[in-house]
Amino acid sequence: MLKIEKLNQFYGESHTLWDLDLDVPKGQCTCVMGRNGVGKTTLMKCVMGEELVKDGRIIYGGDESGAGGEDLTRRRLEDRAALGIGYVPQGRQIFPLLTVEENLRVGLAARADGSKQIPERIYELFPVLKEMKNRRGGDLSGGQQQQLAIGRALVIEPKLLILDEPGEGIQPNIVAQIGEVIRRLIEEDNLTVLLVEQKLPFARKYADKFAIMDRGRRVAEGDIAELSDELIKQHLTV
Amino acid sequence: MSTTNTSYSQSWLTRPFTERSTQIFLGVLFAAMAVVTFLHVAMPQDSALYVSSYTVTLLGKYLCYALLAVAVDLVWGYLGILSLGHGAFFALGGYAMGMYLMRQIGDRGVYGDPVLPDFMVFLNWESLPWYWHGFDMAWFAFVMVLLAPGILALVFGFLAFRSRVTGVYLSIITQALTFALMLAFFRNEMGFGGNNGLTDFKDILGFDLRTDATRLGLFLATGVALAIGYVICRAIVGSKLGRVSVACRDAEARTRFIGYRVERVQLFVFVVSAMLAGVAGSLYVPQVGIINPSEFSPLFSIEIVVWVALGGRATLYGAVIGALIVNYAKTVFTGVMPDAWLFALGALFVLVTVFLPKGIAGLLPGFRKKQQDDDPKTTGTEREATA
Amino acid sequence: MSIMTELTQRDRVFDFLTPTASPVDVRHGPILYLEDVTVSFDGFKAINNLNLTIDDGELRCIIGPNGAGKTTMMDIITGKTRPDVGSVWFGSRHNLLTMNEPDIASLGIGRKFQKPTVFEALTVFENLELAMAADKRVLPTLTARMNGETKDRIEEVLGTIGLTELRNREAGILSHGQKQWLEIGMLLMQKPRLLLVDEPVAGMTEQEMERTAELLTSLAGKQSVVVVEHDMGFVRSIARTVTVLHQGSVLAEGSMDQVSNDPKVIEVYLGEGA
Amino acid sequence: MSITRSLKQLLMACLLTLPALVHAQASDEQAQSLLKQLADASYAEKGRIINDIAGSGDERARQWLEAFADGKLARVEEDTDVAPADTFVIVLENRGRDWTVADALTGDEIGEISRRNLDSIRINNALRGELDGILSVIDLKVDDPEQRLAAARGLRGSVDDAMVENLSELMAEEENNSVKAALEEAIAIYRVEELGDVDAVETLSGSLNSQARAALNAASRSDDAALAKAAKEAMVSIEQKLKMNRAAETLYFGLSLGSVLVLAAIGLAITFGVMGVINMAHGELIMLGAYTTWGMQQLLPGQPGLALILSIPAGFLVAALAGIAIERSVIQFLKGRPLETLLATFGISLILQQLVRTVISPLNRTVITPEWMSGSFMVNEGLFLTLNRLYIIGFSLVVFAGLMLIMRKTRLGLEVRAVTQNRAMARSMGIKATRVDIMTFALGSGVAGLAGVALSQITNVGPNLGQNYIIDSFMVVVFGGVGNLWGTLVAGLSLGTINQLLEPWAGAVLAKILVLVFIILFIQKRPRGLFPQKGRAAEG
Amino acid sequence: ADEGPIKVGILHSLSGTMAISESTLKDTMLMLIEKQNAEGGVMGRQLEPVVVDPASNWPLFAEKARELLAKEKVDVIFGNWTSVSRKSVLPVVEELNGLLFYPVQYEGEESSENVFYTGAAPNQQAIPAVDYLMNEVGVKRWVLAGTDYVYPRTTNKILETYLKDHGVAQEDIMINYTPFGHSNWQSIVSDIKKFGSAGKKTAVVSTINGDANVPFYRELANQGIDAADIPVVAFSVGEQELSGIDTGPLVGHLAAWNYFMSVDADANYDFIDQWIEYTGKEDAVTNDPMEAHYIGFNMYIEAVKKAGTTDVDAVKDAIIGVSVPNLTGGYATMMPNHHITKPVLIGEIQDNGQFSVVWQTPSTVAGDAWSDFLPGSKDLISDWRKPLFCGNYNVVEKTCGGKAEVAAQ
Ligand SMILES: Nc1ncnc2c1ncn2[C@@H]1O[C@H](COP(=O)(O)OP(=O)(O)OP(=O)(O)O)[C@@H](O)[C@H]1O
Ligand SMILES: Nc1ncnc2c1ncn2[C@@H]1O[C@H](COP(=O)(O)OP(=O)(O)OP(=O)(O)O)[C@@H](O)[C@H]1O
Ligand SMILES: NC(N)=O
Ligand SMILES: [Mg+2]
Ligand SMILES: [Mg+2]
């Protein structure tokens with residue numbers, strides 16, 4: 001579904017991503033892990049188009065090898081949503097002065113079916129959003145905002161969902177629920193998920209594959225079952 | 001990094017002198033002053049290198065504007081307060097000086113009244129209004145040059161900062177302030193000469209304002225004032241207080257939570273800046289020969305901000321560069337292309353904005369990347385310290 | 001030069017300006033009392049009749065569903081939000097409701113925000129410098145000079161938060177997790193009597209969580225710490241007493257075991273799987 | 001004055017006895033000589049000659065007198081191709097160096113004559129007043145009741161012995177009640193003033209007409225105690241009504257000033273309030289709208305009303321296109337640098353001003369007020385609402401409502417708010433931010449253009465137009481609370497009203513200062529304007 | 001130096017708020033210079049214009065004046081409109097001993113050795129206008145409305161004294177000041193209307209300046225104030241201002257000037273033709289300050305011829321007494337007080353944006369530098385001929401006012 005090849009990215013002078021390769025197979029949940037500041041968020045931003053990449057390719061769609069897919073690096077940020085990519089950024093990034101409902105409605109434009117209705121499913125998933133429909137996004141508590149951010153990404157009914165630490169600040173039972181939803185969407189709608197997550201239990205429970213990053217490079221990858229304590233010790237502890 | 005950690009251990013006032021940028025600035029400034037003085041005094045009048053007293057005065061005026069721009073940069077660049085009313089402080093300093101100069105005219109006015117300035121005789125004022133007393137004494141007038149803008153800034157700032165007025169709201173009330181003062185000074189009842197303002201000055205501290213020597217003296221005094229003002233601003237900016245200012249600029253609420261009284265920091269810097277503006281105004285008046293309410297005009301204050309932005313915000317020397325360039329450009333353009341100079345000036349503003357995001361100072365070698373150009377505060381959509 | 005120095009330090013004589021900093025009176029035990037506090041936003045009661053007491057030197061964990069009012073409670077303590085009714089005391093002498101944010105901060109209440117907020121245009125080092133406990137009035141700040149001791153202290157904290165290498169980088173470019181650490185560092189520099197820590201480990205790896213846990217436990221005793229966190233693993237690792245907030249008031253309070261077996265808590269917060 | 005009086009008498013007589021003036025035609029020599037007398041006479045003598053002309057019974061008399069009243073009766077000085085010297089002509093077109101004229105005697109257009117060679121027959125206000133009086137007496141007899149009413153109203157205060165009897169008869173015959181009442185009032189004024197008639201005071205009590213009031217005023221100072229008393233009593237009730245009127249008038253002035261402020265500011269409420277562009281060129285966009293109106297009137301000479309209506313879409317379009325040009329050429333490069341938009345747009349504003357000076361003219365342009373927008377709407381005799389401002393109040397409300405609809409109910413409204421609050425995120429949600437920017441800036445600019453169209457009806461259309469409104473506009477937007485359209489409306493209207501409430505006792509200058517001080521103090525109380533963005537999101 | 005071209009400095013705002021009024025004066029000067037050069041210049045020397053833009057900024061006026069005199073070394077300056085700009089330039093012109101021709105009606109109370117006032121002093125405009133209204137129109141109640149600056153203030157002060165001297169009671173005078181560019185005239189016009197409905201003939205004497213006039217007249221028209229009821233006589237509204245107003249509703253309102261474009265004189269028609277050709281616009285208008293420049297320019301040329309040099313002191317001496325034709329069929333003479341003689345004309349506005357003269361002084365009036373109606377200046381006279389050579393000689397104290405040191409020389 002998403003194939004990243006030899007990606008390099010810079011912030012001014014500093015080289016943040018180095019020759020990075022990553023495969024995100026369709027209908028699975030791939031979890032990117034790594035210590036603070038290794039470039040996980042940067043990678044997500046590159047996929048979304050928020051940051052420019054120096055070189056490398058990001059192929060979206062197509063088959064296993066990426067053939068028939070589309071090179072995202074040449075696509076503008078605003079076109080990617082229409083291709084079916086939903087994004088839950090780190091730090092929530094909700095629109096603080098729009099109401100909860102308006103926040104959700106923003107995504108409607110990118111829906112493939114042109115529907116003008118917010119899917120009921122989102123309210124079912126996060127009842128608090130329905131309750132607070134008319135409250136400004138910025139007034140919500142941190143966790144509520146996070147739920148809103150996820151709900152907003154689901155509005156466009158994405159084919160690929162990018163989640164940057166989605167569980168952050170959310171109460172445990174809802175975190176679990178989010179995990180369940182992800183699984184359900186993967187199974188029912190054949191959704192593909194690219195997940196950044198630090199919390200091992202969560203990753204282990206809901207991801208299919210993992211990739212570990214260190215200092216801007218991908219240093220390990222595999223099925224989640226292969227994520228050994230050794231790897232963790234090597235790459236995820238200081 | 002020019003703010004190396006070692007410099008933190010210096011005294012706040014001596015620190016600027018150890019900084020590269022200040023050394024260069026002062027060097028260039030004093031060298032320029034020396035050259036101008038030499039060319040003015042030592043060159044024969046018909047030499048191509050001769051600097052006429054017209055030019056000397058013109059340069060003196062630019063330096064006043066430069067000091068004013070530095071004052072604005074201090075509050076805008078480092079404190080995040082976009083003052084659209086700094087012309088008010090400039091004008092108040094100017095009026096204080098103008099009142100002194102008026103009193104110095106004595107009985108040499110057209111009506112020959114020994115006490116009343118001409119415009120008062122002319123409008124049948126019986127006696128000098130109370131607030132004109134004392135301005136016959138130079139020391140008093142010079143104190144007022146600092147106090148008048150200082151106190152206005154203190155009162156205004158106290159109210160505004162205490163109420164936590166920020167961003168555009170603050171900008172607009174500074175604008176309202178200068179606008180209101182402009183209208184008030186226009187009123188003849190105010191006793192400041194109405195629209196005509198104060199003119200026809202004769203001498204300052206006993207020196208005839210029309211002599212070349214006095215002009216040169218005023219030019220040099222302005223240069224020194226600019227140097228001192230610059231160093232004071234540098235000292236503040238380089239001190240811990242300067243860093244707190246930047247903190248207030250970028251995250252006012254957060255600064256409070258670590259224990260700084262933001263409103264006092266703002267007030268202090270604002271008052272210092274207003275006083276510097278007042279000094280600039282006071283030196284400006286004897287050199288241009290008139291002070292009138294149009295210096296309070298909101299558009300003039302906006303223009304000052306434009307100089308700073310053009311030169312490069314939050315650098316101080318950028319403000320100086322901006323003021324010099326814009327005003328020099330005005331002098332030249334209004335002379336050589338009187339019908340089209342606004343196109344040139346307008347285009348200059350647009351081009352600099354689009355192509356030089358850091359202002360002209362950004363072109364200088366060694367410009368610090370650290371200078372932040374945009375200030376989320378004034379957009380009205382600040383996002384900080386939120387849940 | 002020496003005259004200049006002399007001059008610049010003259011303002012230190014204005015002693016009458018110094019607030020008579022009264023030490024926090026904790027003879028009666030608690031360092032923080034919240035009594036019957038209620039706050040509502042447009043009719044919605046975010047805090048509802050909340051009562052809470054924190055003892056001196058205690059480490060308290062506060063958990064509760066999203067929107068329970070945890071952050072709002074911290075807002076009240078630090079002076080950001082004024083409650084509609086109720087009283088909030090720091091020690092038995094200071095009524096926090098009559099004070100503004102900087103006064104409360106100078107009394108010794110430090111806070112880490114849920115969403116990390118640092119001074120983006122300043123370097124990491126400068127962020128810590130500003131946070132440092134010092135005379136924070138205007139003139140002393142203007143004339144402040146850094147001595148070896150404070151510098152060492154900053155370096156020490158830089159080490160603790162793992163940002164030594166980034167000390168001269170602007171805080172704005174830090175990654176999310178790095179900002180979290182920087183904020184913790186700023187809190188440490190402040191040396192407050194009471195630390196309010198809102199979700200410190202969000203975005204941290206397991207191992208960093210452990211470090212944070214160690215750090216917070218080591219502070220407890222000398223300082224009082226209130227931690228809000230949703231990560232149960234983390235809470236379990238540091239918790240002595242846990243308070244559960246729900247809909248603006250206390251739902252349960254007790255040890256971690258007690259609380260996590262409380263059916264009400266399980267229902268509204270933990271969920272069956274936890 | 002006696003000359004006019006006798007003339008009136010004559011006219012009245014004709015009026016009452018004959019269905020219309022008898023139309024005879026005096027010989028051309030006679031006419032020529034009358035006109036020559038008129039041309040050569042001093043002002044004092046001209047009155048008599050008017051009399052002669054009107055009394056000559058010549059059917060062309062009215063035409064001559066009207067032309068004379070308009071200053072368009074002239075004599076050819078020297079022989080020309082089209083007319084010999086001493087020909088009297090009526091000027092049909094009096095602009096430029098050559099004037100189009102018609103022969104006064106034949107009424108035929110004869111061509112153009114150099115202005116140098118034309119000697120206009122001079123008239124002054126006094127003569128014009130008398131002519132108006134004569135013409136209005138004639139009007140009392142026309143079929144159109146509106147015209148009769150106007151004529152009757154015009155007679156108040158100018159009735160004299162010569163007319164009063166005839167007028168009374170006319171009144172008795174009059175079918176229209178309003179005309180009748182007006183005539184009655186006119187006669188009553190005459191009676192109170194000239195005869196000291198106490199009964200007539202009754203008729204005038206409650207009248208808000210200024211002539212009636214003047215008459216009562218004089219009567220209340222009369223030596224006749226009964227008359228004075230009656231007049232005073234009548235005055236009391238009038239004063240009461242006047243007080244009400246004055247309050248209503250002040251409110252109207254306030255609302256109308258306020259609606260001008262709203263109009264000027266509302267576009268800025270979009271470009272600045274919503275988009276965050278500190279648009280110093282806003283005033284010049286208003287100016288473009290005003291110049292569009294002028295241009296339209298140039299394109300459609302003689303149809304100022306149609307031109308004005310067409311200017312509404314045209315002004316919007318012109319300013320919107322200018323806005324798009326500004327957005328594309330400059331603003332788009334300043335994303336994330338909101339403060340620098342100030343610098344760039346300041347430059348643009350200088351350029352636009354000078355452009356107008358160079359391309360069009362440094363002088364103000366004339367924009368004509370169409371018939372239906374000039375004058376006043378009469379609520380009662382003492383309260384007139386000026387029509388141009390009445391339209392502007394309505395227009396500003398319509399513009400406001402339209403904008404409100406767009407911002408609240410359309411997708412664009414949502415998208416622009418999303419884009420300004422978090423551009424990157426909005427784009428990742430598929431919003432075409434560039435398009436939104438263009439459309440929003442165009443909208444804000446277009447609305448500024450609309451303001452210009454409206455302002456062209458009350459103020460100068462010149463290169464400085466924008467400068468005069470930019471400061472006020474920012475003040476209104478900020479006072480109302482940035483980003484809140486309602487705020488802009490309420491702020492504009494309330495600042496206008498406050499200003500007008502203060503003006504009567506403080507004077508215009510001090511009132512303005514006080515309003516500014518009020519704004520400064522008000523912001524202390526509400527640091528985020530009238531309608532602040534509340535809550536966590538805004539406070540930070 | 002008496003060789004090379006004669007440099008003529010032109011100091012009029014071409015941008016900013018005053019450009020509206022001043023930019024035509026620049027063109028007028030250019031036209032006059034061009035014509036003079038076509039006729040062979042002066043004494044075989046061509047004239048060379050030096051145009052600068054002081055941009056409606058008063059300190060910039062001083063700076064530009066200095067630039068003209070010190071840097072460009074011009075022989076004479078024609079310039080300024082507002083009084084404040086003149087006040088700003090005055091010290092510079094005096095210091096550098098330049099010549100300035102000032103073409104606009106002003107408040108008087110000034111006489112500089114280096115300035116020639118070719119516009120009207122109050123006694124050449126305001127007083128005759130009031131006389132006309134009082135005597136010919138029978139006005140009994142007066143509204144003195146002006147923009148809040150020194151010219152209207154002084155003029156109104158003079159008029160107030162003058163009216164009271166003529167038996168007008170205080171309650172029959174209403175004085176009102178408004179800021180520059182005032183645009184909201186609703187309540188003032190409404191007040192005027194009320195003031196005028198007291199049964200006595202009322203007139204408005206307007207010293208409202210520039211941009212404020214358009215909205216003022218519009219409001220008058222809309223509130224139904226007719227010239228027949230309450231005439232407005234303006235001192236700052238000329239043909240150029242009218243060209244920006246829809247004059248239809250204003251017919252009959254008055255203005256007092258020393259020149260109107262409609263004046264029936266050959267010199268005037270020639271001037272108008274020349275102007276229309278120069279600007280290439282059929283609808284170009286001429287006005288009073290243009291005439292003042294025309295007169296000033298010709299006086300300067302005559303004086304240079306008379307002195308045989310452009311040397312400033314020589315020209316200053318020579319110009320006193322010089323007479324040149326004005327555009328209304330008479331002559332203007334430079335008086336010893338540096339003011340000139342002018343006829344005073346009262347005109348009524350026509351629907352074509354022109355004035356029709358309804359009254360004029362029987363002969364020309366000499367400008368008074370010092371008003372007879374102000375207590376501070378009624379004893380002052382100005383005479384720049386030797387031996388008096390004083391701009392403010394006090395005839396009572398027999399001293400040369402503030403210029404004590406000059407008198408001592
Ligand atoms: N705008 C920027 N300019 C320069 N450097 C940046 C910028 N944003 C991030 N960086 C740097 O790039 C590196 C990677 O940042 P990134 O946010 O991708 O980390 P991360 O892996 O998501 O970390 P975390 O787990 O803390 O969220 C960090 O070292 C950070 O300091
Ligand atoms: N200014 C406000 N206006 C309206 N509602 C508000 C405002 N501030 C807070 N709230 C509401 O108050 C409730 C408490 O919010 P608070 O941030 O304290 O929750 P929290 O316990 O910190 O939650 P989380 O764990 O998600 O951070 C939430 O429902 C929130 O939506
Ligand atoms: N002199 C004038 N009209 O300002
Ligand atoms: Mg990250
Ligand atoms: Mg919270």
# chains A, B, ... in the order shown; residues from 1 in each chain; ligands from 1

$ interface_residues --of "chain D" --to "chain A" --cutoff "6 Å" --atoms "only C-alpha atoms" --output "PDB file with C-alpha atoms, in the first residue's frame"
ATOM      1  CA  GLN D 421      -6.234  28.224  12.489  1.00  0.00           C
ATOM      2  CA  ARG D 427      -4.263  20.963   3.996  1.00  0.00           C
ATOM      3  CA  SER D 428      -3.764  17.448   5.234  1.00  0.00           C
ATOM      4  CA  MET D 429      -7.518  17.254   5.530  1.00  0.00           C
ATOM      5  CA  GLY D 430      -7.718  17.936   1.815  1.00  0.00           C
ATOM      6  CA  ILE D 431      -8.563  21.610   1.889  1.00  0.00           C
ATOM      7  CA  LYS D 432      -7.135  23.473  -1.042  1.00  0.00           C
ATOM      8  CA  ARG D 536      -8.912  27.815  26.534  1.00  0.00           C
ATOM      9  CA  ALA D 537      -8.373  28.035  22.838  1.00  0.00           C
TER      10      ALA D 537
END

$ residues_near_ligand --ligand "ligand 3" --cutoff "6 Å" --atoms "only C-alpha atoms and all ligand atoms" --output "list in words"
Thr82, Ser83, Val104, Gln105, Tyr106 and Tyr151 of chain E

$ closest_atom_pairs --of "chain A" --to "ligand 4" --cutoff "7 Å" --atoms "only C-alpha atoms and all ligand atoms" --output "tab-separated table"
residue	atom	partner	partner_atom_place_in_ligand_line	distance
A:Asn36	CA	ligand 4	1 (Mg)	6.9
A:Gly37	CA	ligand 4	1 (Mg)	6.7
A:Gly39	CA	ligand 4	1 (Mg)	6.9
A:Lys40	CA	ligand 4	1 (Mg)	5.5
A:Thr41	CA	ligand 4	1 (Mg)	4.0
A:Gln90	CA	ligand 4	1 (Mg)	6.1
A:Asp164	CA	ligand 4	1 (Mg)	6.9

$ residues_around --residues "Phe268 of chain B" --least-positions-apart "2" --cutoff "10 Å" --atoms "only C-alpha atoms" --output "PyMOL selection string"
(chain B and resi 153-154+157-158+262-266+270-274) or (chain C and resi 138-139)

$ residues_near_ligand --ligand "ligand 1" --cutoff "10 Å" --atoms "only C-alpha atoms and all ligand atoms" --output "count of residues only"
54

$ residues_near_ligand --ligand "ligand 2" --cutoff "9 Å" --atoms "only C-alpha atoms and all ligand atoms" --output "PyMOL selection string"
(chain A and resi 128+132+135-146+169-171) or (chain B and resi 387) or (chain C and resi 39-47+63-75+114+198-199+228-230+245-248) or (chain D and resi 534-539)

$ closest_atom_pairs --of "chain D" --to "chain B" --cutoff "8 Å" --atoms "only C-alpha atoms" --output "CSV"
residue,atom,partner,partner_atom,distance
D:Gly276,CA,B:Thr379,CA,5.8
D:Val330,CA,B:Val354,CA,6.6
D:Phe333,CA,B:Val354,CA,6.3
D:Leu334,CA,B:Val354,CA,7.1
D:Gly336,CA,B:Asp374,CA,6.8
D:Arg337,CA,B:Asp374,CA,5.0
D:Pro338,CA,B:Thr379,CA,6.5
D:Leu339,CA,B:Asp374,CA,6.8
D:Glu340,CA,B:Thr353,CA,6.5
D:Thr341,CA,B:Thr353,CA,7.9
D:Leu342,CA,B:Val306,CA,7.7
D:Leu343,CA,B:Val306,CA,5.4
D:Ala344,CA,B:Val350,CA,4.5
D:Thr345,CA,B:Val350,CA,7.4
D:Phe346,CA,B:Gly346,CA,7.3
D:Gly347,CA,B:Gly346,CA,3.7
D:Ile348,CA,B:Gly346,CA,5.9
D:Ser349,CA,B:Gly346,CA,7.5
D:Leu350,CA,B:Gly346,CA,5.5
D:Ile351,CA,B:Phe343,CA,4.9
D:Gln354,CA,B:Leu342,CA,6.3
D:Leu355,CA,B:Phe343,CA,7.9
D:Thr358,CA,B:Asp339,CA,7.9
D:Gln421,CA,B:Thr381,CA,6.9
D:Ile471,CA,B:Pro298,CA,7.6
D:Phe474,CA,B:Ile172,CA,7.3
D:Met475,CA,B:Ile172,CA,6.4
D:Val478,CA,B:Tyr169,CA,6.2
D:Phe479,CA,B:Tyr169,CA,7.8
D:Val482,CA,B:Gly380,CA,7.2
D:Val509,CA,B:Leu183,CA,6.7
D:Leu510,CA,B:Ala184,CA,7.6
D:Lys512,CA,B:Ala180,CA,7.6
D:Ile513,CA,B:Ala180,CA,4.9
D:Leu514,CA,B:Ala180,CA,7.9
D:Leu516,CA,B:Ala176,CA,5.6
D:Val517,CA,B:Ala180,CA,7.1
D:Ile519,CA,B:Ile173,CA,7.2
D:Ile520,CA,B:Ile173,CA,5.4
D:Ile523,CA,B:Val165,CA,7.2
D:Gln524,CA,B:Ser163,CA,5.4
D:Lys525,CA,B:Ser163,CA,7.1
D:Pro527,CA,B:Val165,CA,4.8
D:Arg528,CA,B:Tyr169,CA,6.6
D:Gly529,CA,B:Tyr169,CA,7.5
D:Arg536,CA,B:Thr386,CA,6.2
D:Ala537,CA,B:Thr386,CA,6.8
D:Ala538,CA,B:Thr381,CA,6.9
D:Glu539,CA,B:Thr386,CA,8.0
D:Gly540,CA,B:Glu384,CA,4.7

$ closest_residue --among "D:Leu127, D:Leu310, D:Ala200, D:Ala172" --to "chain E" --atoms "only C-alpha atoms"
D:Leu127

$ residues_around --residues "Tyr131 of chain B" --least-positions-apart "3" --cutoff "10 Å" --atoms "only C-alpha atoms" --output "list of chain:residue names"
B:Met99, B:Leu128, B:Gly134, B:Phe135, B:Gly191

$ write_last_selection --atoms "N, CA and C atoms" --output "PDB file, in the first residue's frame"
ATOM      1  N   MET B  99       9.272  73.304  23.231  1.00  0.00           N
ATOM      2  CA  MET B  99       8.839  74.309  24.200  1.00  0.00           C
ATOM      3  C   MET B  99      10.053  75.050  24.763  1.00  0.00           C
ATOM      4  N   LEU B 128       1.056  82.730  30.173  1.00  0.00           N
ATOM      5  CA  LEU B 128       1.591  81.422  29.831  1.00  0.00           C
ATOM      6  C   LEU B 128       0.800  80.339  30.573  1.00  0.00           C
ATOM      7  N   GLY B 134       8.784  76.592  33.411  1.00  0.00           N
ATOM      8  CA  GLY B 134       9.953  75.743  33.635  1.00  0.00           C
ATOM      9  C   GLY B 134      10.705  75.434  32.368  1.00  0.00           C
ATOM     10  N   PHE B 135      10.005  75.554  31.234  1.00  0.00           N
ATOM     11  CA  PHE B 135      10.677  75.178  29.988  1.00  0.00           C
ATOM     12  C   PHE B 135      11.681  76.227  29.510  1.00  0.00           C
ATOM     13  N   GLY B 191      -2.802  74.743  23.617  1.00  0.00           N
ATOM     14  CA  GLY B 191      -1.665  75.608  23.913  1.00  0.00           C
ATOM     15  C   GLY B 191      -0.344  75.114  23.380  1.00  0.00           C
TER      16      GLY B 191
END

$ atom_distance --atom1 "atom CA of Val89 of chain D" --atom2 "atom CA of Val76 of chain D"
7.3 Å

$ interface_residues --of "chain B" --to "chain E" --cutoff "7 Å" --atoms "only C-alpha atoms" --output "list of chain:residue names"
B:Tyr54, B:Asp107, B:Arg108, B:Gly109, B:Val110, B:Tyr111, B:Gly112, B:Val121, B:Phe122, B:Phe186, B:Arg187, B:Gly194, B:Asn195, B:Asn196, B:Thr199, B:Asp200, B:Arg210, B:Val288, B:Gly289, B:Ile290, B:Thr334, B:Gly335, B:Pro338, B:Asp339

$ select_by_dssp --residues "chain A" --states "helix (DSSP H, G or I)" --output "JSON, numbers by chain"
{"A": [40, 41, 42, 43, 44, 45, 46, 47, 48, 72, 73, 74, 77, 78, 79, 80, 81, 82, 100, 101, 102, 103, 104, 105, 106, 107, 108, 109, 110, 120, 121, 122, 123, 124, 125, 127, 128, 129, 130, 131, 137, 138, 139, 142, 143, 144, 145, 146, 147, 148, 149, 150, 151, 152, 153, 154, 155, 172, 173, 174, 175, 176, 177, 178, 179, 180, 181, 182, 183, 184, 185, 186, 187, 188, 189, 200, 201, 202, 203, 204, 205, 206, 224, 225, 226, 229, 230, 231, 232, 233, 234, 235, 236]}

$ interface_residues --of "chain B" --to "chain C" --cutoff "6 Å" --atoms "only C-alpha atoms" --output "list in words"
Tyr8, Ser9, Trp12, Ser239, Lys240, Leu241, Ala247, Arg256, Phe257, Ile258, Gly259, Tyr260, Arg261, Val265, Ala385 and Ala387 of chain B

$ write_last_selection --atoms "C-alpha atoms" --output "compact mmCIF listing (two decimals), in the first residue's frame"
# COMPACT_ATOMS: atom_id res chain seq x y z
CA TYR B 8 26.02 35.29 30.57
CA SER B 9 28.46 35.76 33.38
CA TRP B 12 24.71 43.48 31.85
CA SER B 239 20.69 40.41 29.73
CA LYS B 240 18.58 37.79 31.32
CA LEU B 241 15.78 40.32 31.18
CA ALA B 247 9.89 34.53 26.56
CA ARG B 256 4.03 33.84 34.29
CA PHE B 257 3.96 30.25 35.42
CA ILE B 258 7.67 30.26 36.06
CA GLY B 259 7.28 33.28 38.25
CA TYR B 260 7.98 36.39 36.16
CA ARG B 261 5.65 39.34 36.45
CA VAL B 265 8.83 43.33 32.36
CA ALA B 385 0.00 26.61 27.19
CA ALA B 387 -4.37 22.02 28.01

$ residues_around --residues "Gly107 of chain D" --least-positions-apart "3" --cutoff "9 Å" --atoms "only C-alpha atoms" --output "ChimeraX atom specification"
/D:60,89-90,102-104,110

$ closest_residue --among "C:Glu35, C:Glu156, C:Asp231, C:Glu267" --to "Asn95 of chain C" --atoms "only C-alpha atoms"
C:Glu35
